[in-house]
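Taking it in order: structure first as structure tokens, then the write-up.
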Amino acid sequence: MLVFAAVYLLYTGNIMLQPDRYLIGRLDMQSDVPVFYNNIYLFEKKVTAGQSPLHNDMEMHPAGFSMTMNSHNFIMGAFCLLFDDNTVGLNVGLWLSFILSGLGAALLCYRFVPNYWAALLAGFIFAFSPWKMIKLQDHHWFALTATMPFYIYHFIDVFTFEGRRFLPAIASYKKLVYCLLLGIVTALSEYYLTFFLLYFSGFYIVIKHYVQPWRIDFKKLRPWLLIALITGIASTAVSLLDAMGWDDKGAFFWGGDLAAYFLPVYSPWVTNLLGSVGLEIPAYQENYFFLGFSFIAFTVATVFIARKQENSTPTEVKTFAWLSLLFVMLSLPVLKVLGHFLFYLPTALIHYIPFVNNVRVITRIFVLFSLLFPIVVLWYFNNSIKKQVVTAVSIALLAVLFIEFKPNPYQTIDKQSIPKEVYELKPMKGDVVLPIPAGLRDGFTQIGLNNSDMLYFQTIFDKKMIGGYTARLSSKVKQLYLIDPVMRDILKLSENPNQELPKPTPQQVDAFFAAFAPDIIFIHPKYRATAAERYIFEIAGRKGFRLANAGEYLIMTRH
């Protein structure tokens, strides 16, 4: 735990030296970190007021929205209640999550590979893989993986298939309770990770007790013909469903690239090298599967060293190996290599299953691969080489991977750099702020332009806000915002601030102010001297609003 704590401190620079000032993230009008931080603020506000945190009336005024789809932030919100400052609470919570993630992976590995240094290596890879460290810049949710290895540690002991039983029997009710509790904590931390644990649970049982693919003789032609047939039928089915217009929730757009398992596509030298020969791998954050050149070399060496270990491999390790392959397939619904489409894998069919296909960014299941695959490789290595060699190689790999995994310096949100106008809003009379730009945003759509910086600013000025960001927009909110002509114009001007629109009628202006009742208008510097600003001045001037300041951000209040 001390090792993992130290690594986090070294990787994140001076964040933990001033945890009350800095937060990993950025204010660029589109980052997701302010969303996560705002949810913590809202949880604290509601709980301390004795209200339900499942209703958010601070955004999308006057309708508000349900926080049910955002309830995966509640564990961090509850943890931050222990601190006077949510910035400190979030920083400490993230630090603990990395420490416990590494510890859990190390304990899971040690169960099969009784070597302290090998276990430490497995914990390091899971806790600090490039995928997770890059995610930390924008998506704090996916750093909350502490429960996953502990869940798996206990789940593999829950069921038994004694005799000729077709259905599993519960072998340990205590372990089942542990898994249920860990599952609840995960569900209140991140819903993607919750689904991935459900995937693990179901596929673990199916592979270990029903399919048992290690019993198949892959030296014969028949299994390969069957695999080719299934893949061909599935790929054709996906093509037909796509042609028929079935909704895949954008999953294929977010699909990964097989080459990303072997190359750090997040490194400029890789993109430059590939570009020089006319190749390209989409380098967005969901495509970062790399576990280090040194670990790839170690894996290849282990394959040659441990070829004779197959028959003595524990069933759990063989199951982990096949699950690792399955998770690779799930992360590549569209099999692409260096950006070139080959075919759809059978796993692509899950993206046409209603409800389940809300997990559209399936590449994130790489987090389970980074947990299970290193344990498999280390088991084979440990059982093929002398203990002293295993220790020496594990230490050497730790040293090299520490360098390979080291992230670039993080961008930070600095409390001392927040515009002074944000602090000026708090004591101003009124409860509702209209930000310009304004927008409605969820995981699929954006109407207008939601400035996510405002969600961080709201934790300072503590007033309700028109517009906002939620997991899923309801038709009620969309209708409320789009049926009003003035609000509709504001959303259009938020997208295109230089678009010239006709002036609204007095009746329309009256209806807008009656429906949305803004007390303060807060105009972003990028919208100064634009058609959007002139439109706001026109409608607000009619209702007695005047400039209350002359700073970088403009503030209008009613006089």
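So you can find residues: chains in the structure tokens are A, B, ... in the order shown, residues in each start at 1, and ligands are numbered from 1 in order.
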
Please give the complete set of residues from region 290-472 of chain A that DSSP, run on the backbone, assigns to helix (DSSP H, G or I), formatted as a PyMOL selection string. chain A and resi 293-305+307-312+315-331+346-352+356-358+362-382+387-405+415-417+420-425+453-461

Mind checking which residues fall within 7 Å of Asp20 (chain A), counting only C-alpha atoms, ignoring those fewer than 6 positions away in the same chain, and posting them as a PyMOL selection string? chain A and resi 85+87-88

Same residues, N, CA, C and O atoms, saved as a PDB file, in the first residue's frame:
```pdb
ATOM      1  N   ASP A  85     -13.729  20.387   2.870  1.00  0.00           N
ATOM      2  CA  ASP A  85     -13.501  20.875   1.515  1.00  0.00           C
ATOM      3  C   ASP A  85     -13.640  19.696   0.554  1.00  0.00           C
ATOM      4  O   ASP A  85     -12.927  18.693   0.679  1.00  0.00           O
ATOM      5  N   THR A  87     -12.754  19.492  -2.496  1.00  0.00           N
ATOM      6  CA  THR A  87     -11.540  19.298  -3.289  1.00  0.00           C
ATOM      7  C   THR A  87     -10.576  18.377  -2.553  1.00  0.00           C
ATOM      8  O   THR A  87     -10.004  17.447  -3.139  1.00  0.00           O
ATOM      9  N   VAL A  88     -10.418  18.591  -1.255  1.00  0.00           N
ATOM     10  CA  VAL A  88      -9.568  17.716  -0.443  1.00  0.00           C
ATOM     11  C   VAL A  88     -10.158  16.302  -0.425  1.00  0.00           C
ATOM     12  O   VAL A  88      -9.440  15.301  -0.610  1.00  0.00           O
TER      13      VAL A  88
END
```

Please, which residues in region 335-420 of chain A fall within 8 Å of region 293-299 of chain A when counting only C-alpha atoms, and what is the closest atom pair and distance in Å to one decimal for each, ordered by chain then residue number, as CSV?
```
residue,atom,partner,partner_atom,distance
A:Val377,CA,A:Thr299,CA,6.3
A:Leu397,CA,A:Ser294,CA,6.9
A:Val400,CA,A:Ser294,CA,7.1
A:Leu401,CA,A:Ser294,CA,7.0
```

For those residues, write N, CA and C atoms to a file as a PDB file, in the first residue's frame.
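Ended up saving to out-v1.pdb:
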```pdb
ATOM      1  N   VAL A 377      -0.299 -14.476 -16.998  1.00  0.00           N
ATOM      2  CA  VAL A 377       1.087 -14.520 -17.461  1.00  0.00           C
ATOM      3  C   VAL A 377       2.033 -14.808 -16.303  1.00  0.00           C
ATOM      4  N   LEU A 397      10.867  -5.621 -14.032  1.00  0.00           N
ATOM      5  CA  LEU A 397       9.684  -5.160 -14.779  1.00  0.00           C
ATOM      6  C   LEU A 397       9.019  -3.976 -14.086  1.00  0.00           C
ATOM      7  N   VAL A 400      11.009  -0.875 -14.973  1.00  0.00           N
ATOM      8  CA  VAL A 400      10.840  -0.435 -16.359  1.00  0.00           C
ATOM      9  C   VAL A 400       9.425   0.093 -16.594  1.00  0.00           C
ATOM     10  N   LEU A 401       8.430  -0.620 -16.071  1.00  0.00           N
ATOM     11  CA  LEU A 401       7.042  -0.185 -16.272  1.00  0.00           C
ATOM     12  C   LEU A 401       6.757   1.130 -15.560  1.00  0.00           C
TER      13      LEU A 401
END
```

Interatomic distance between CA of Ile466 (chain A) and CA of Asp84 (chain A)? 27.8 Å

I want to know what sits within 12 Å of Gln507 (chain A), based on only C-alpha atoms, with residues of the same chain fewer than 3 positions away left out; could you give that as a PyMOL selection string? chain A and resi 484-486+503-504+510-514+539+542-543

Take the selection from the previous step and output its residues with N, CA, C and O atoms, as a PDB file, in the first residue's frame.
```pdb
ATOM      1  N   ASP A 484     -40.147  27.135 -26.040  1.00  0.00           N
ATOM      2  CA  ASP A 484     -40.086  28.567 -25.790  1.00  0.00           C
ATOM      3  C   ASP A 484     -39.227  29.227 -26.880  1.00  0.00           C
ATOM      4  O   ASP A 484     -38.043  28.903 -27.023  1.00  0.00           O
ATOM      5  N   PRO A 485     -39.767  30.178 -27.662  1.00  0.00           N
ATOM      6  CA  PRO A 485     -39.013  30.773 -28.780  1.00  0.00           C
ATOM      7  C   PRO A 485     -37.724  31.460 -28.348  1.00  0.00           C
ATOM      8  O   PRO A 485     -36.702  31.339 -29.026  1.00  0.00           O
ATOM      9  N   VAL A 486     -37.752  32.184 -27.239  1.00  0.00           N
ATOM     10  CA  VAL A 486     -36.548  32.893 -26.799  1.00  0.00           C
ATOM     11  C   VAL A 486     -35.489  31.903 -26.325  1.00  0.00           C
ATOM     12  O   VAL A 486     -34.305  32.035 -26.668  1.00  0.00           O
ATOM     13  N   LYS A 503     -35.486  39.800 -33.837  1.00  0.00           N
ATOM     14  CA  LYS A 503     -35.792  40.135 -32.453  1.00  0.00           C
ATOM     15  C   LYS A 503     -37.102  39.480 -32.034  1.00  0.00           C
ATOM     16  O   LYS A 503     -38.059  39.447 -32.796  1.00  0.00           O
ATOM     17  N   PRO A 504     -37.157  38.952 -30.818  1.00  0.00           N
ATOM     18  CA  PRO A 504     -38.411  38.343 -30.351  1.00  0.00           C
ATOM     19  C   PRO A 504     -39.453  39.418 -30.041  1.00  0.00           C
ATOM     20  O   PRO A 504     -39.113  40.577 -29.793  1.00  0.00           O
ATOM     21  N   ASP A 510     -41.667  38.238 -22.507  1.00  0.00           N
ATOM     22  CA  ASP A 510     -42.386  38.098 -21.238  1.00  0.00           C
ATOM     23  C   ASP A 510     -42.575  36.633 -20.867  1.00  0.00           C
ATOM     24  O   ASP A 510     -42.403  36.251 -19.695  1.00  0.00           O
ATOM     25  N   ALA A 511     -42.927  35.818 -21.873  1.00  0.00           N
ATOM     26  CA  ALA A 511     -43.156  34.395 -21.619  1.00  0.00           C
ATOM     27  C   ALA A 511     -41.868  33.707 -21.172  1.00  0.00           C
ATOM     28  O   ALA A 511     -41.878  32.854 -20.268  1.00  0.00           O
ATOM     29  N   PHE A 512     -40.743  34.097 -21.782  1.00  0.00           N
ATOM     30  CA  PHE A 512     -39.460  33.487 -21.405  1.00  0.00           C
ATOM     31  C   PHE A 512     -39.103  33.811 -19.961  1.00  0.00           C
ATOM     32  O   PHE A 512     -38.748  32.920 -19.186  1.00  0.00           O
ATOM     33  N   PHE A 513     -39.213  35.069 -19.588  1.00  0.00           N
ATOM     34  CA  PHE A 513     -38.838  35.455 -18.231  1.00  0.00           C
ATOM     35  C   PHE A 513     -39.820  34.915 -17.198  1.00  0.00           C
ATOM     36  O   PHE A 513     -39.448  34.670 -16.044  1.00  0.00           O
ATOM     37  N   ALA A 514     -41.063  34.716 -17.611  1.00  0.00           N
ATOM     38  CA  ALA A 514     -42.031  34.114 -16.691  1.00  0.00           C
ATOM     39  C   ALA A 514     -41.738  32.628 -16.476  1.00  0.00           C
ATOM     40  O   ALA A 514     -41.876  32.108 -15.363  1.00  0.00           O
ATOM     41  N   ILE A 539     -33.049  41.509 -25.030  1.00  0.00           N
ATOM     42  CA  ILE A 539     -34.175  40.956 -24.267  1.00  0.00           C
ATOM     43  C   ILE A 539     -34.050  41.306 -22.781  1.00  0.00           C
ATOM     44  O   ILE A 539     -35.045  41.556 -22.106  1.00  0.00           O
ATOM     45  N   ARG A 542     -35.059  44.929 -21.887  1.00  0.00           N
ATOM     46  CA  ARG A 542     -36.506  45.166 -21.818  1.00  0.00           C
ATOM     47  C   ARG A 542     -37.062  44.833 -20.425  1.00  0.00           C
ATOM     48  O   ARG A 542     -38.122  45.329 -20.038  1.00  0.00           O
ATOM     49  N   LYS A 543     -36.377  43.963 -19.682  1.00  0.00           N
ATOM     50  CA  LYS A 543     -36.871  43.544 -18.362  1.00  0.00           C
ATOM     51  C   LYS A 543     -36.103  44.224 -17.223  1.00  0.00           C
ATOM     52  O   LYS A 543     -36.168  43.783 -16.079  1.00  0.00           O
TER      53      LYS A 543
END
```

Strand (DSSP E or B) per DSSP on the backbone: members of region 237-357 of chain A, as a PyMOL selection string: chain A and resi 334-337+340-344

Closest atom pairs, residues of region 348-411 of chain A within 8 Å of region 93-116 of chain A, only C-alpha atoms, as a tab-separated table:
```
residue	atom	partner	partner_atom	distance
A:Leu371	CA	A:Ala105	CA	6.7
A:Ile375	CA	A:Cys109	CA	5.5
A:Leu378	CA	A:Val113	CA	7.0
A:Trp379	CA	A:Val113	CA	5.5
A:Asn382	CA	A:Val113	CA	6.7
A:Lys387	CA	A:Asn115	CA	7.8
A:Val390	CA	A:Asn115	CA	7.9
A:Thr391	CA	A:Asn115	CA	7.2
```

Using only C-alpha atoms, which protein or nucleic acid residues come within 9 Å of region 551-559 of chain A? Drop anything in the same chain fewer than 3 positions from it, and give the result as a ChimeraX atom specification. /A:419-422,425,428-430,519-525,528,537,540-541,543-548

9 Å contact set for Pro264 (chain A), only C-alpha atoms, chain neighbours under 4 positions out, as a CSV table (one decimal) with all heavy atoms, in the first residue's frame:
```
chain,number,residue,atom,x,y,z
A,130,PRO,N,-1.6,2.8,-18.3
A,130,PRO,CA,-1.7,4.0,-19.1
A,130,PRO,C,-3.2,4.4,-19.3
A,130,PRO,O,-3.6,5.6,-19.3
A,130,PRO,CB,-1.0,3.8,-20.4
A,130,PRO,CG,0.1,2.8,-20.0
A,130,PRO,CD,-0.6,1.9,-19.0
A,260,ALA,N,-3.7,-1.2,-31.0
A,260,ALA,CA,-3.6,-0.4,-29.8
A,260,ALA,C,-3.1,-1.2,-28.6
A,260,ALA,O,-2.7,-0.7,-27.6
A,260,ALA,CB,-4.8,0.4,-29.4
A,268,PRO,N,2.9,10.8,-29.1
A,268,PRO,CA,3.1,11.5,-30.4
A,268,PRO,C,4.0,10.8,-31.4
A,268,PRO,O,3.8,10.8,-32.6
A,268,PRO,CB,3.6,12.9,-30.0
A,268,PRO,CG,3.2,13.1,-28.6
A,268,PRO,CD,3.2,11.7,-28.0
A,270,VAL,N,4.4,7.7,-31.9
A,270,VAL,CA,3.7,6.6,-32.5
A,270,VAL,C,2.8,7.1,-33.7
A,270,VAL,O,2.9,6.6,-34.8
A,270,VAL,CB,2.9,5.7,-31.5
A,270,VAL,CG1,2.0,4.7,-32.3
A,270,VAL,CG2,3.8,5.0,-30.5
A,271,THR,N,2.1,8.1,-33.4
A,271,THR,CA,1.2,8.7,-34.4
A,271,THR,C,2.0,9.3,-35.5
A,271,THR,O,1.6,9.2,-36.7
A,271,THR,CB,0.3,9.8,-33.8
A,271,THR,OG1,1.1,10.7,-33.1
A,271,THR,CG2,-0.7,9.2,-32.8
A,288,TYR,N,-6.8,3.2,-25.6
A,288,TYR,CA,-5.5,3.1,-25.0
A,288,TYR,C,-5.4,1.8,-24.2
A,288,TYR,O,-5.7,1.7,-23.1
A,288,TYR,CB,-5.3,4.3,-24.1
A,288,TYR,CG,-5.3,5.6,-24.7
A,288,TYR,CD1,-5.4,6.8,-24.0
A,288,TYR,CD2,-5.1,5.8,-26.1
A,288,TYR,CE1,-5.4,8.1,-24.6
A,288,TYR,CE2,-5.1,7.0,-26.7
A,288,TYR,CZ,-5.2,8.2,-26.0
A,288,TYR,OH,-5.2,9.4,-26.5
A,289,PHE,N,-5.0,0.7,-24.9
A,289,PHE,CA,-4.9,-0.6,-24.3
A,289,PHE,C,-3.5,-1.0,-24.0
A,289,PHE,O,-3.4,-2.2,-23.5
A,289,PHE,CB,-5.5,-1.6,-25.3
A,289,PHE,CG,-6.9,-1.3,-25.8
A,289,PHE,CD1,-7.2,-1.5,-27.1
A,289,PHE,CD2,-7.9,-0.9,-25.0
A,289,PHE,CE1,-8.5,-1.3,-27.6
A,289,PHE,CE2,-9.2,-0.6,-25.4
A,289,PHE,CZ,-9.5,-0.8,-26.7
A,290,PHE,N,-2.6,-0.2,-24.2
A,290,PHE,CA,-1.2,-0.6,-24.1
A,290,PHE,C,-0.8,-0.9,-22.6
A,290,PHE,O,-1.1,-0.2,-21.7
A,290,PHE,CB,-0.3,0.5,-24.6
A,290,PHE,CG,1.1,0.2,-24.8
A,290,PHE,CD1,1.5,-0.8,-25.7
A,290,PHE,CD2,2.1,1.0,-24.2
A,290,PHE,CE1,2.9,-1.1,-25.8
A,290,PHE,CE2,3.4,0.7,-24.4
A,290,PHE,CZ,3.8,-0.3,-25.2
A,291,LEU,N,0.0,-2.0,-22.4
A,291,LEU,CA,0.5,-2.4,-21.1
A,291,LEU,C,2.0,-2.4,-21.1
A,291,LEU,O,2.6,-2.9,-20.2
A,291,LEU,CB,0.0,-3.8,-20.7
A,291,LEU,CG,-1.5,-3.8,-20.3
A,291,LEU,CD1,-1.8,-5.3,-19.9
A,291,LEU,CD2,-1.8,-2.9,-19.1
A,292,GLY,N,2.7,-1.7,-22.0
A,292,GLY,CA,4.1,-1.5,-22.0
A,292,GLY,C,4.8,-2.5,-22.9
A,292,GLY,O,4.5,-3.7,-23.0
A,293,PHE,N,5.9,-2.0,-23.6
A,293,PHE,CA,6.7,-2.9,-24.4
A,293,PHE,C,7.4,-4.0,-23.6
A,293,PHE,O,7.5,-5.1,-24.0
A,293,PHE,CB,7.7,-2.1,-25.2
A,293,PHE,CG,7.2,-1.2,-26.3
A,293,PHE,CD1,7.3,0.1,-26.2
A,293,PHE,CD2,6.6,-1.8,-27.4
A,293,PHE,CE1,6.7,0.9,-27.3
A,293,PHE,CE2,6.0,-1.1,-28.4
A,293,PHE,CZ,6.1,0.3,-28.4
```

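Residues within 12 Å of Pro314 (chain A), counting only C-alpha atoms and excluding same-chain residues fewer than 2 positions away, are A:Arg111, A:Phe112, A:Val113, A:Lys208, A:Trp214, A:Gln309, A:Glu310, A:Asn311, A:Ser312, A:Glu316, A:Val317, A:Lys318, A:Thr319, A:Phe320, A:Ala321, A:Val376, A:Trp379, A:Tyr380, A:Asn383.
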
Could you work out how far CA of Thr194 (chain A) lies from CA of Val177 (chain A), giving the answer in Å with one decimal?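 Value for the CA of Val177 (chain A)-CA of Thr194 (chain A) distance: 16.2 Å.
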
Separation of CA of Thr12 (chain A) from CA of Tyr410 (chain A) in Å: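 CA of Thr12 (chain A) lies at a distance of 6.9 Å from CA of Tyr410 (chain A).
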
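Using only C-alpha atoms, the smallest distance between any of A:Ala228, A:Leu27, A:Val211, A:Val367 and Phe196 (chain A) comes from A:Val367.
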
Minimum-distance residue to Asp32 (chain A), chosen among A:Met487, A:Ala234, A:Val334, A:Leu136 (using only C-alpha atoms):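 Smallest distance to Asp32 (chain A) is found for A:Leu136.
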